[in-house]
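The structure under discussion appears below in the form of C-alpha cells.
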Amino acid sequence: VLAVLQQWSGINVLFNYAENIFKTAGFGVDTTLRFIVITGVVNLVFTFLALGTVDHWGRRSLMLFGCAGIAGSHLLIRLAYAQGWTGLAVLLFALAAIGCYAMSLAPVTWVLISEMFPNRIRGTAISVAVSALWIACFILTYTFPLLERGIGTGNTFWVYAAICGAGFGFVRLFVPETRARSLEQIERELGG
C-alpha cells in the first residue's frame with residue numbers, strides 16, 4: 001500500500017507531464033523548461049532535508065506530513081485551475097507538492113519497505129513491494145492523459161489529493177513508528 005501510495009500521490013505527473021501542466025497554466029515553452037529545472041532543484045534540496053530529518057522526526061510523522069502536504073498542495077493546484085489562477089500560483093503549489101514529497105513519501109517509503117518485513121521473507125517481500133511501486137507508476141503515468149482529457153487538469157489533481165487523504169488515514173491507522181528501532185525489534189513488534 002505504501003509503495004502504491006508513493007506513486008499514486010500524483011507527484012510523478014508533475015515530473016513526467018510538467019510541460020503539459022505548465023503550458024495549461026499559461027506558460028510558454030522557454031519558461032516551462034526553466035520551471036522543469038526548478039522542480040528538479042526543489043526535489044533535490046528537499047531530499048537532502050529528508051536525509052537529515054528521517055531519524056529525528058520519525059518515519060510515521062514524515063509520512064503523515066507528506067500525505068497532508070501533498071494533498072493540500074494538490075487541492076491548491078485544483079483551486080488555481082478552477083479560479084483561473086494561472087502562472088505563478090500553479091508553479092508555487094506544484095513546488096510545494098514536490099517539496100513535501102521529496103521530504104517524505106519519496107525517501108521514507110523506501111526506508112519503511114526495507115524495515116517492515118521479517119528477515120525470513122524480506123527479499124521476496126521487498127521485491128513484491130517494489131514491483132507494486134513500479135506497476136503503480138506505470139498506471140499513474142498511463143492514466144494521467146486520460147483523466148486530464150476526461151475531467152480536466154484541475155479535477156485530476158483533486159483525485160490525487162483524495163488519494164493522499166486516504167493515504168494519510170492509512171498511515172495514521174496502520175503504520176507504526178520505526179525510528180530508533182533495530183530490525184529485530186521492529187519484527188517482534190509487528191509480529192506481536
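In the C-alpha cells, the first chain shown is A, the next is B, and so on; residue numbers restart at 1 for each chain, and ligands run from 1 in the order shown.
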Quick one: residues within 12 Å of A:Val45, only C-alpha atoms counted, chain neighbours fewer than 4 positions away excluded, as a PyMOL selection string?
chain A and resi 38-41+49-52+95+98-103
Expected file: the selected residues, all heavy atoms, as a short mmCIF file (atom, residue, chain, number, x, y, z; two decimals), in the first residue's frame:
```
data_model
loop_
_atom_site.label_atom_id
_atom_site.label_comp_id
_atom_site.auth_asym_id
_atom_site.auth_seq_id
_atom_site.Cartn_x
_atom_site.Cartn_y
_atom_site.Cartn_z
N ILE A 38 13.71 24.02 -12.20
CA ILE A 38 13.42 24.43 -10.81
C ILE A 38 12.79 23.29 -10.04
O ILE A 38 13.13 23.05 -8.87
CB ILE A 38 12.54 25.70 -10.80
CG1 ILE A 38 13.32 26.90 -11.33
CG2 ILE A 38 12.02 25.98 -9.40
CD1 ILE A 38 12.48 28.13 -11.60
N THR A 39 11.86 22.54 -10.65
CA THR A 39 11.25 21.41 -9.94
C THR A 39 12.29 20.37 -9.56
O THR A 39 12.23 19.80 -8.48
CB THR A 39 10.12 20.75 -10.76
OG1 THR A 39 10.66 20.23 -11.97
CG2 THR A 39 8.99 21.70 -11.04
N GLY A 40 13.25 20.14 -10.43
CA GLY A 40 14.34 19.21 -10.11
C GLY A 40 15.20 19.69 -8.96
O GLY A 40 15.59 18.90 -8.09
N VAL A 41 15.50 20.98 -8.94
CA VAL A 41 16.31 21.55 -7.86
C VAL A 41 15.56 21.44 -6.53
O VAL A 41 16.13 21.06 -5.50
CB VAL A 41 16.70 23.01 -8.18
CG1 VAL A 41 17.32 23.69 -6.97
CG2 VAL A 41 17.65 23.06 -9.36
N LEU A 49 17.10 17.47 2.75
CA LEU A 49 16.47 17.77 4.04
C LEU A 49 15.90 16.51 4.68
O LEU A 49 15.98 16.33 5.90
CB LEU A 49 15.35 18.81 3.86
CG LEU A 49 15.78 20.25 3.69
CD1 LEU A 49 14.58 21.13 3.37
CD2 LEU A 49 16.48 20.76 4.93
N ALA A 50 15.32 15.65 3.87
CA ALA A 50 14.76 14.40 4.39
C ALA A 50 15.84 13.54 5.02
O ALA A 50 15.62 12.90 6.07
CB ALA A 50 14.05 13.63 3.29
N LEU A 51 17.01 13.51 4.40
CA LEU A 51 18.11 12.71 4.95
C LEU A 51 18.45 13.15 6.37
O LEU A 51 18.80 12.33 7.21
CB LEU A 51 19.35 12.81 4.06
CG LEU A 51 19.24 12.19 2.67
CD1 LEU A 51 20.48 12.51 1.85
CD2 LEU A 51 19.01 10.70 2.76
N GLY A 52 18.33 14.43 6.62
CA GLY A 52 18.65 14.95 7.95
C GLY A 52 17.51 14.86 8.95
O GLY A 52 17.73 15.03 10.15
N LEU A 95 5.50 23.27 -6.70
CA LEU A 95 6.77 23.19 -5.96
C LEU A 95 6.53 22.78 -4.52
O LEU A 95 7.33 22.02 -3.94
CB LEU A 95 7.52 24.52 -6.03
CG LEU A 95 8.06 24.91 -7.41
CD1 LEU A 95 8.72 26.28 -7.36
CD2 LEU A 95 9.02 23.87 -7.96
N ILE A 98 6.00 19.05 -4.57
CA ILE A 98 7.27 18.36 -4.81
C ILE A 98 8.14 18.39 -3.56
O ILE A 98 8.76 17.39 -3.19
CB ILE A 98 8.00 18.96 -6.03
CG1 ILE A 98 7.24 18.60 -7.31
CG2 ILE A 98 9.45 18.49 -6.10
CD1 ILE A 98 7.67 19.38 -8.53
N GLY A 99 8.19 19.54 -2.88
CA GLY A 99 8.96 19.64 -1.64
C GLY A 99 8.46 18.69 -0.57
O GLY A 99 9.24 17.99 0.08
N CYS A 100 7.14 18.64 -0.40
CA CYS A 100 6.56 17.72 0.60
C CYS A 100 6.86 16.27 0.24
O CYS A 100 7.20 15.46 1.11
CB CYS A 100 5.05 17.92 0.69
SG CYS A 100 4.56 19.46 1.48
N TYR A 101 6.75 15.94 -1.02
CA TYR A 101 7.01 14.58 -1.48
C TYR A 101 8.47 14.20 -1.27
O TYR A 101 8.78 13.12 -0.76
CB TYR A 101 6.65 14.47 -2.97
CG TYR A 101 6.96 13.14 -3.59
CD1 TYR A 101 6.14 12.04 -3.37
CD2 TYR A 101 8.08 12.97 -4.40
CE1 TYR A 101 6.41 10.82 -3.96
CE2 TYR A 101 8.36 11.76 -4.99
CZ TYR A 101 7.53 10.68 -4.76
OH TYR A 101 7.81 9.47 -5.34
N ALA A 102 9.37 15.08 -1.68
CA ALA A 102 10.80 14.78 -1.59
C ALA A 102 11.26 14.64 -0.15
O ALA A 102 12.24 13.95 0.14
CB ALA A 102 11.61 15.88 -2.29
N MET A 103 10.54 15.26 0.77
CA MET A 103 10.91 15.20 2.17
C MET A 103 10.23 14.05 2.90
O MET A 103 10.55 13.78 4.05
CB MET A 103 10.55 16.51 2.85
CG MET A 103 11.35 16.77 4.07
SD MET A 103 11.10 18.47 4.57
CE MET A 103 11.58 18.28 6.25
#
```
Which stretch 101-178 of chain A residues have any atom within 8 Å of an atom of stretch 62-81 of chain A, and for each, what is the nearest pair of atoms with distance in Å to one decimal, counting only C-alpha atoms, rows sorted by chain and number, as a tab-separated table?
```
residue	atom	partner	partner_atom	distance
A:Tyr101	CA	A:Gly66	CA	5.7
A:Met103	CA	A:Gly66	CA	7.2
A:Ser104	CA	A:Gly66	CA	5.0
A:Leu105	CA	A:Met63	CA	5.9
A:Val108	CA	A:Met63	CA	7.0
A:Thr109	CA	A:Met63	CA	8.0
A:Thr153	CA	A:Tyr81	CA	7.5
A:Gly154	CA	A:Arg78	CA	4.1
A:Asn155	CA	A:Arg78	CA	6.1
A:Thr156	CA	A:Arg78	CA	7.8
A:Phe157	CA	A:His74	CA	5.3
A:Trp158	CA	A:Leu75	CA	5.8
A:Tyr160	CA	A:His74	CA	6.9
A:Ala161	CA	A:Ala71	CA	4.1
A:Ala162	CA	A:Ala71	CA	7.0
A:Ile163	CA	A:Ala71	CA	7.9
A:Cys164	CA	A:Cys67	CA	5.0
A:Gly165	CA	A:Ala71	CA	6.2
A:Gly167	CA	A:Cys67	CA	6.4
A:Phe168	CA	A:Cys67	CA	5.3
A:Val171	CA	A:Leu64	CA	6.6
A:Arg172	CA	A:Leu64	CA	7.1
```
Near A:Lys23, within 12 Å and counting only C-alpha atoms, which residues show up once chain neighbours fewer than 2 positions away are dropped, as a ChimeraX atom specification?
/A:17-21,25-33,35-36,86-88,90-91,153
Using only C-alpha atoms, pick whichever of A:Gly152, A:Thr178, A:Thr143, A:Leu112 has the shortest atom-to-atom distance to A:Trp57.
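Residue with the minimum atom-to-atom distance to A:Trp57: A:Thr178.
Nearest residue to A:Ala129, choosing from A:Phe174, A:Phe48, A:Phe117, A:Phe144 and counting only C-alpha atoms: A:Phe117.
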Residues within 9 Å of A:Val1, only C-alpha atoms, excluding chain neighbours under 4 positions, as a list of chain:residue names:
A:Leu5, A:Gln6, A:Ala129, A:Ala132, A:Leu133, A:Gly167, A:Phe170
Go ahead and save the picked residues with C-alpha atoms, as a tab-separated table (two decimals), in the first residue's frame.
```tsv
chain	number	residue	atom	x	y	z
A	5	LEU	CA	0.62	5.44	-2.36
A	6	GLN	CA	4.05	6.84	-3.15
A	129	ALA	CA	6.59	-4.14	-2.88
A	132	ALA	CA	3.87	-2.89	-6.96
A	133	LEU	CA	5.55	0.52	-6.86
A	167	GLY	CA	-3.05	7.55	2.42
A	170	PHE	CA	-3.89	4.50	6.21
```
